[in-house]
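Some notes on the structure that comes next.
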Amino acid sequence: MPLQRRLPKRGFHNPFSKQIAEVNVGSLSIFEAGTVVDVASLQMAGLVSKVGDGVKLLGNGELDRALTIQVHRVSAGARAKVEAAGGSIELLDA
């Protein structure tokens with residue numbers, strides 16, 4: 001019997017999947033108030049290593065300062081927390 005039929009077949013890899021980097025709202029407290037937080041500044045701060053197909057902002061944690069955030073995607077909870085802190089979100093094209 002050929003080797004390819006003897007070896008076990010495991011898992012599935014979707015070739016069309018998107019690789020989205022995730023950043024939580026709570027980790028943005030390292031930036032000063034009034035700062036424009038974009039993908040390059042997230043990489044410089046070490047919050048994102050590989051951008052891939054974009055960056056998504058998630059709502060885990062608290063934000064106590066007004067920031068202008070430029071990301072590709074944002075969750076509803078994260079948008080509410082940023083706007084409650086006096087900040088704004090600008091969506092980038094993917």
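Labeling convention for the structure tokens: chains A, B, ... as they appear, residues from 1 per chain, ligands from 1 in order of appearance.
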
Quick one: DSSP alpha helix (DSSP H) residues in chain A, as a PDB file with N, CA and C atoms, in the first residue's frame?
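Output saved as part.pdb:
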```pdb
ATOM      1  N   LEU A   3       2.576   4.931   0.675  1.00  0.00           N
ATOM      2  CA  LEU A   3       2.793   5.650   1.931  1.00  0.00           C
ATOM      3  C   LEU A   3       1.708   6.688   2.182  1.00  0.00           C
ATOM      4  N   GLN A   4       1.264   7.390   1.170  1.00  0.00           N
ATOM      5  CA  GLN A   4       0.264   8.442   1.366  1.00  0.00           C
ATOM      6  C   GLN A   4      -1.073   7.886   1.850  1.00  0.00           C
ATOM      7  N   ARG A   5      -1.349   6.654   1.592  1.00  0.00           N
ATOM      8  CA  ARG A   5      -2.588   6.043   2.081  1.00  0.00           C
ATOM      9  C   ARG A   5      -2.393   5.448   3.463  1.00  0.00           C
ATOM     10  N   ARG A   6      -1.152   5.161   3.850  1.00  0.00           N
ATOM     11  CA  ARG A   6      -0.888   4.578   5.165  1.00  0.00           C
ATOM     12  C   ARG A   6      -0.846   5.629   6.267  1.00  0.00           C
ATOM     13  N   VAL A  39      -1.887  51.187  12.962  1.00  0.00           N
ATOM     14  CA  VAL A  39      -1.280  49.863  12.895  1.00  0.00           C
ATOM     15  C   VAL A  39       0.228  49.945  13.167  1.00  0.00           C
ATOM     16  N   ALA A  40       0.886  50.962  12.646  1.00  0.00           N
ATOM     17  CA  ALA A  40       2.324  51.100  12.859  1.00  0.00           C
ATOM     18  C   ALA A  40       2.657  51.337  14.329  1.00  0.00           C
ATOM     19  N   SER A  41       1.863  52.151  15.019  1.00  0.00           N
ATOM     20  CA  SER A  41       2.142  52.402  16.434  1.00  0.00           C
ATOM     21  C   SER A  41       1.825  51.173  17.284  1.00  0.00           C
ATOM     22  N   LEU A  42       0.860  50.354  16.875  1.00  0.00           N
ATOM     23  CA  LEU A  42       0.587  49.105  17.591  1.00  0.00           C
ATOM     24  C   LEU A  42       1.745  48.125  17.431  1.00  0.00           C
ATOM     25  N   GLN A  43       2.354  48.099  16.259  1.00  0.00           N
ATOM     26  CA  GLN A  43       3.511  47.237  16.054  1.00  0.00           C
ATOM     27  C   GLN A  43       4.719  47.737  16.834  1.00  0.00           C
ATOM     28  N   MET A  44       4.923  49.045  16.871  1.00  0.00           N
ATOM     29  CA  MET A  44       6.049  49.608  17.630  1.00  0.00           C
ATOM     30  C   MET A  44       5.905  49.333  19.126  1.00  0.00           C
ATOM     31  N   ALA A  45       4.662  49.336  19.620  1.00  0.00           N
ATOM     32  CA  ALA A  45       4.420  49.086  21.038  1.00  0.00           C
ATOM     33  C   ALA A  45       4.473  47.599  21.381  1.00  0.00           C
ATOM     34  N   ALA A  76     -18.598  45.842  18.551  1.00  0.00           N
ATOM     35  CA  ALA A  76     -19.556  46.821  19.052  1.00  0.00           C
ATOM     36  C   ALA A  76     -19.217  47.253  20.473  1.00  0.00           C
ATOM     37  N   GLY A  77     -18.771  46.321  21.310  1.00  0.00           N
ATOM     38  CA  GLY A  77     -18.398  46.657  22.680  1.00  0.00           C
ATOM     39  C   GLY A  77     -17.183  47.562  22.744  1.00  0.00           C
ATOM     40  N   ALA A  78     -16.211  47.312  21.870  1.00  0.00           N
ATOM     41  CA  ALA A  78     -15.013  48.153  21.838  1.00  0.00           C
ATOM     42  C   ALA A  78     -15.350  49.556  21.364  1.00  0.00           C
ATOM     43  N   ARG A  79     -16.223  49.671  20.360  1.00  0.00           N
ATOM     44  CA  ARG A  79     -16.635  50.985  19.871  1.00  0.00           C
ATOM     45  C   ARG A  79     -17.320  51.777  20.970  1.00  0.00           C
ATOM     46  N   ALA A  80     -18.187  51.127  21.748  1.00  0.00           N
ATOM     47  CA  ALA A  80     -18.892  51.805  22.834  1.00  0.00           C
ATOM     48  C   ALA A  80     -17.921  52.283  23.917  1.00  0.00           C
ATOM     49  N   LYS A  81     -16.919  51.480  24.257  1.00  0.00           N
ATOM     50  CA  LYS A  81     -15.965  51.862  25.300  1.00  0.00           C
ATOM     51  C   LYS A  81     -15.072  53.013  24.855  1.00  0.00           C
ATOM     52  N   VAL A  82     -14.645  53.006  23.597  1.00  0.00           N
ATOM     53  CA  VAL A  82     -13.779  54.083  23.101  1.00  0.00           C
ATOM     54  C   VAL A  82     -14.553  55.393  23.035  1.00  0.00           C
ATOM     55  N   GLU A  83     -15.785  55.343  22.535  1.00  0.00           N
ATOM     56  CA  GLU A  83     -16.581  56.566  22.437  1.00  0.00           C
ATOM     57  C   GLU A  83     -17.010  57.073  23.802  1.00  0.00           C
ATOM     58  N   ALA A  84     -17.209  56.180  24.783  1.00  0.00           N
ATOM     59  CA  ALA A  84     -17.543  56.603  26.140  1.00  0.00           C
ATOM     60  C   ALA A  84     -16.364  57.317  26.797  1.00  0.00           C
TER      61      ALA A  84
END
```

- Query: Residues at most 7 Å from segment 18-23 of chain A, counting only C-alpha atoms, excluding those fewer than 2 positions away in the same chain, as a PyMOL selection string?
  - Reply: chain A and resi 16+25+47-48+50-58

- Task: Run DSSP on the backbone and give me the residues of segment 6-94 of chain A it puts in strand (DSSP E), as a PyMOL selection string.
- Result: chain A and resi 20-24+36-37+54-58+68-71+73-74+88-91

Now that the selection is made, can you save its residues with N, CA and C atoms as a PDB file, in the first residue's frame?
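Written output follows (selection-v1.pdb):
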```
ATOM      1  N   ILE A  20      -6.472  37.760  11.067  1.00  0.00           N
ATOM      2  CA  ILE A  20      -6.765  39.044  11.686  1.00  0.00           C
ATOM      3  C   ILE A  20      -6.044  39.130  13.029  1.00  0.00           C
ATOM      4  N   ALA A  21      -5.247  40.168  13.224  1.00  0.00           N
ATOM      5  CA  ALA A  21      -4.584  40.406  14.510  1.00  0.00           C
ATOM      6  C   ALA A  21      -5.594  41.071  15.447  1.00  0.00           C
ATOM      7  N   GLU A  22      -5.595  40.652  16.712  1.00  0.00           N
ATOM      8  CA  GLU A  22      -6.567  41.154  17.682  1.00  0.00           C
ATOM      9  C   GLU A  22      -5.872  41.992  18.753  1.00  0.00           C
ATOM     10  N   VAL A  23      -6.512  43.105  19.106  1.00  0.00           N
ATOM     11  CA  VAL A  23      -6.009  43.992  20.158  1.00  0.00           C
ATOM     12  C   VAL A  23      -7.184  44.315  21.070  1.00  0.00           C
ATOM     13  N   ASN A  24      -6.981  44.195  22.370  1.00  0.00           N
ATOM     14  CA  ASN A  24      -8.026  44.518  23.328  1.00  0.00           C
ATOM     15  C   ASN A  24      -7.952  45.986  23.737  1.00  0.00           C
ATOM     16  N   VAL A  36      -2.941  59.401  18.192  1.00  0.00           N
ATOM     17  CA  VAL A  36      -3.530  58.660  17.082  1.00  0.00           C
ATOM     18  C   VAL A  36      -2.879  57.284  17.074  1.00  0.00           C
ATOM     19  N   VAL A  37      -3.676  56.253  17.349  1.00  0.00           N
ATOM     20  CA  VAL A  37      -3.177  54.887  17.422  1.00  0.00           C
ATOM     21  C   VAL A  37      -3.499  54.206  16.097  1.00  0.00           C
ATOM     22  N   GLY A  54      -5.388  42.364   8.574  1.00  0.00           N
ATOM     23  CA  GLY A  54      -5.968  43.502   9.273  1.00  0.00           C
ATOM     24  C   GLY A  54      -5.845  43.382  10.778  1.00  0.00           C
ATOM     25  N   VAL A  55      -6.320  44.416  11.465  1.00  0.00           N
ATOM     26  CA  VAL A  55      -6.305  44.476  12.924  1.00  0.00           C
ATOM     27  C   VAL A  55      -7.729  44.722  13.393  1.00  0.00           C
ATOM     28  N   LYS A  56      -8.165  43.944  14.387  1.00  0.00           N
ATOM     29  CA  LYS A  56      -9.502  44.111  14.952  1.00  0.00           C
ATOM     30  C   LYS A  56      -9.379  44.521  16.408  1.00  0.00           C
ATOM     31  N   LEU A  57     -10.153  45.512  16.807  1.00  0.00           N
ATOM     32  CA  LEU A  57     -10.176  45.995  18.175  1.00  0.00           C
ATOM     33  C   LEU A  57     -11.307  45.289  18.916  1.00  0.00           C
ATOM     34  N   LEU A  58     -10.972  44.622  20.016  1.00  0.00           N
ATOM     35  CA  LEU A  58     -11.947  43.899  20.823  1.00  0.00           C
ATOM     36  C   LEU A  58     -12.204  44.639  22.125  1.00  0.00           C
ATOM     37  N   THR A  68      -7.633  58.422  19.303  1.00  0.00           N
ATOM     38  CA  THR A  68      -8.132  58.248  17.941  1.00  0.00           C
ATOM     39  C   THR A  68      -7.507  56.966  17.411  1.00  0.00           C
ATOM     40  N   ILE A  69      -8.337  55.966  17.150  1.00  0.00           N
ATOM     41  CA  ILE A  69      -7.856  54.638  16.804  1.00  0.00           C
ATOM     42  C   ILE A  69      -8.173  54.353  15.347  1.00  0.00           C
ATOM     43  N   GLN A  70      -7.163  53.917  14.598  1.00  0.00           N
ATOM     44  CA  GLN A  70      -7.322  53.572  13.189  1.00  0.00           C
ATOM     45  C   GLN A  70      -7.044  52.081  13.018  1.00  0.00           C
ATOM     46  N   VAL A  71      -8.112  51.287  12.849  1.00  0.00           N
ATOM     47  CA  VAL A  71      -7.995  49.846  12.674  1.00  0.00           C
ATOM     48  C   VAL A  71      -8.884  49.401  11.514  1.00  0.00           C
ATOM     49  N   ARG A  73     -11.079  46.619  11.674  1.00  0.00           N
ATOM     50  CA  ARG A  73     -12.367  46.147  12.182  1.00  0.00           C
ATOM     51  C   ARG A  73     -12.483  46.494  13.654  1.00  0.00           C
ATOM     52  N   VAL A  74     -13.717  46.563  14.143  1.00  0.00           N
ATOM     53  CA  VAL A  74     -13.940  46.882  15.554  1.00  0.00           C
ATOM     54  C   VAL A  74     -15.231  46.190  16.006  1.00  0.00           C
ATOM     55  N   SER A  88     -12.347  58.335  19.330  1.00  0.00           N
ATOM     56  CA  SER A  88     -13.031  58.057  18.077  1.00  0.00           C
ATOM     57  C   SER A  88     -12.321  56.920  17.357  1.00  0.00           C
ATOM     58  N   ILE A  89     -13.054  56.279  16.444  1.00  0.00           N
ATOM     59  CA  ILE A  89     -12.529  55.153  15.688  1.00  0.00           C
ATOM     60  C   ILE A  89     -12.661  55.454  14.211  1.00  0.00           C
ATOM     61  N   GLU A  90     -11.564  55.230  13.489  1.00  0.00           N
ATOM     62  CA  GLU A  90     -11.567  55.376  12.022  1.00  0.00           C
ATOM     63  C   GLU A  90     -11.269  54.010  11.429  1.00  0.00           C
ATOM     64  N   LEU A  91     -12.149  53.525  10.562  1.00  0.00           N
ATOM     65  CA  LEU A  91     -11.961  52.227   9.935  1.00  0.00           C
ATOM     66  C   LEU A  91     -11.122  52.365   8.667  1.00  0.00           C
TER      67      LEU A  91
END
```

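Residues in contact with Asp64 of chain A at 12 Å, where only C-alpha atoms are counted and same-chain residues fewer than 4 positions away are skipped, are listed as Val25, Gly26, Ser27, Leu28, Ser29, Ile30, Phe31, Glu32, Ala33, Gly34, Lys81, Val82, Glu83, Ala84, Ala85, Gly86 and Gly87 of chain A.
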
Just-selected residues, N, CA and C atoms written as a PDB file, in the first residue's frame:
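Result went into result37.pdb, see below:
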```
ATOM      1  N   VAL A  25      -9.097  46.526  24.118  1.00  0.00           N
ATOM      2  CA  VAL A  25      -9.190  47.932  24.516  1.00  0.00           C
ATOM      3  C   VAL A  25      -8.324  48.203  25.745  1.00  0.00           C
ATOM      4  N   GLY A  26      -8.269  47.259  26.667  1.00  0.00           N
ATOM      5  CA  GLY A  26      -7.504  47.445  27.897  1.00  0.00           C
ATOM      6  C   GLY A  26      -6.011  47.606  27.668  1.00  0.00           C
ATOM      7  N   SER A  27      -5.499  47.059  26.582  1.00  0.00           N
ATOM      8  CA  SER A  27      -4.059  47.161  26.321  1.00  0.00           C
ATOM      9  C   SER A  27      -3.672  48.494  25.700  1.00  0.00           C
ATOM     10  N   LEU A  28      -4.637  49.341  25.359  1.00  0.00           N
ATOM     11  CA  LEU A  28      -4.336  50.647  24.770  1.00  0.00           C
ATOM     12  C   LEU A  28      -4.012  51.708  25.812  1.00  0.00           C
ATOM     13  N   SER A  29      -3.985  51.330  27.088  1.00  0.00           N
ATOM     14  CA  SER A  29      -3.707  52.307  28.147  1.00  0.00           C
ATOM     15  C   SER A  29      -2.245  52.745  28.168  1.00  0.00           C
ATOM     16  N   ILE A  30      -1.393  52.130  27.357  1.00  0.00           N
ATOM     17  CA  ILE A  30       0.018  52.538  27.319  1.00  0.00           C
ATOM     18  C   ILE A  30       0.227  53.800  26.491  1.00  0.00           C
ATOM     19  N   PHE A  31      -0.781  54.196  25.714  1.00  0.00           N
ATOM     20  CA  PHE A  31      -0.672  55.394  24.878  1.00  0.00           C
ATOM     21  C   PHE A  31      -1.165  56.615  25.643  1.00  0.00           C
ATOM     22  N   GLU A  32      -0.580  57.767  25.355  1.00  0.00           N
ATOM     23  CA  GLU A  32      -0.969  59.026  25.987  1.00  0.00           C
ATOM     24  C   GLU A  32      -2.319  59.486  25.445  1.00  0.00           C
ATOM     25  N   ALA A  33      -3.009  60.312  26.201  1.00  0.00           N
ATOM     26  CA  ALA A  33      -4.309  60.839  25.781  1.00  0.00           C
ATOM     27  C   ALA A  33      -4.130  61.722  24.546  1.00  0.00           C
ATOM     28  N   GLY A  34      -5.035  61.598  23.594  1.00  0.00           N
ATOM     29  CA  GLY A  34      -4.996  62.384  22.379  1.00  0.00           C
ATOM     30  C   GLY A  34      -4.116  61.807  21.284  1.00  0.00           C
ATOM     31  N   LYS A  81     -16.919  51.480  24.257  1.00  0.00           N
ATOM     32  CA  LYS A  81     -15.965  51.862  25.300  1.00  0.00           C
ATOM     33  C   LYS A  81     -15.072  53.013  24.855  1.00  0.00           C
ATOM     34  N   VAL A  82     -14.645  53.006  23.597  1.00  0.00           N
ATOM     35  CA  VAL A  82     -13.779  54.083  23.101  1.00  0.00           C
ATOM     36  C   VAL A  82     -14.553  55.393  23.035  1.00  0.00           C
ATOM     37  N   GLU A  83     -15.785  55.343  22.535  1.00  0.00           N
ATOM     38  CA  GLU A  83     -16.581  56.566  22.437  1.00  0.00           C
ATOM     39  C   GLU A  83     -17.010  57.073  23.802  1.00  0.00           C
ATOM     40  N   ALA A  84     -17.209  56.180  24.783  1.00  0.00           N
ATOM     41  CA  ALA A  84     -17.543  56.603  26.140  1.00  0.00           C
ATOM     42  C   ALA A  84     -16.364  57.317  26.797  1.00  0.00           C
ATOM     43  N   ALA A  85     -15.148  56.956  26.404  1.00  0.00           N
ATOM     44  CA  ALA A  85     -13.955  57.604  26.953  1.00  0.00           C
ATOM     45  C   ALA A  85     -13.632  58.909  26.226  1.00  0.00           C
ATOM     46  N   GLY A  86     -14.406  59.255  25.202  1.00  0.00           N
ATOM     47  CA  GLY A  86     -14.182  60.494  24.474  1.00  0.00           C
ATOM     48  C   GLY A  86     -13.325  60.334  23.231  1.00  0.00           C
ATOM     49  N   GLY A  87     -13.029  59.115  22.843  1.00  0.00           N
ATOM     50  CA  GLY A  87     -12.203  58.873  21.668  1.00  0.00           C
ATOM     51  C   GLY A  87     -13.030  58.639  20.422  1.00  0.00           C
TER      52      GLY A  87
END
```

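Interatomic distance, atom CA of Asp93 of chain A to atom CA of Ser75 of chain A: 15.9 Å.
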
- For Arg65 of chain A, the nearest of the candidates A:Met1, A:Ser49, A:Leu92, A:Thr35, counting only C-alpha atoms: A:Thr35
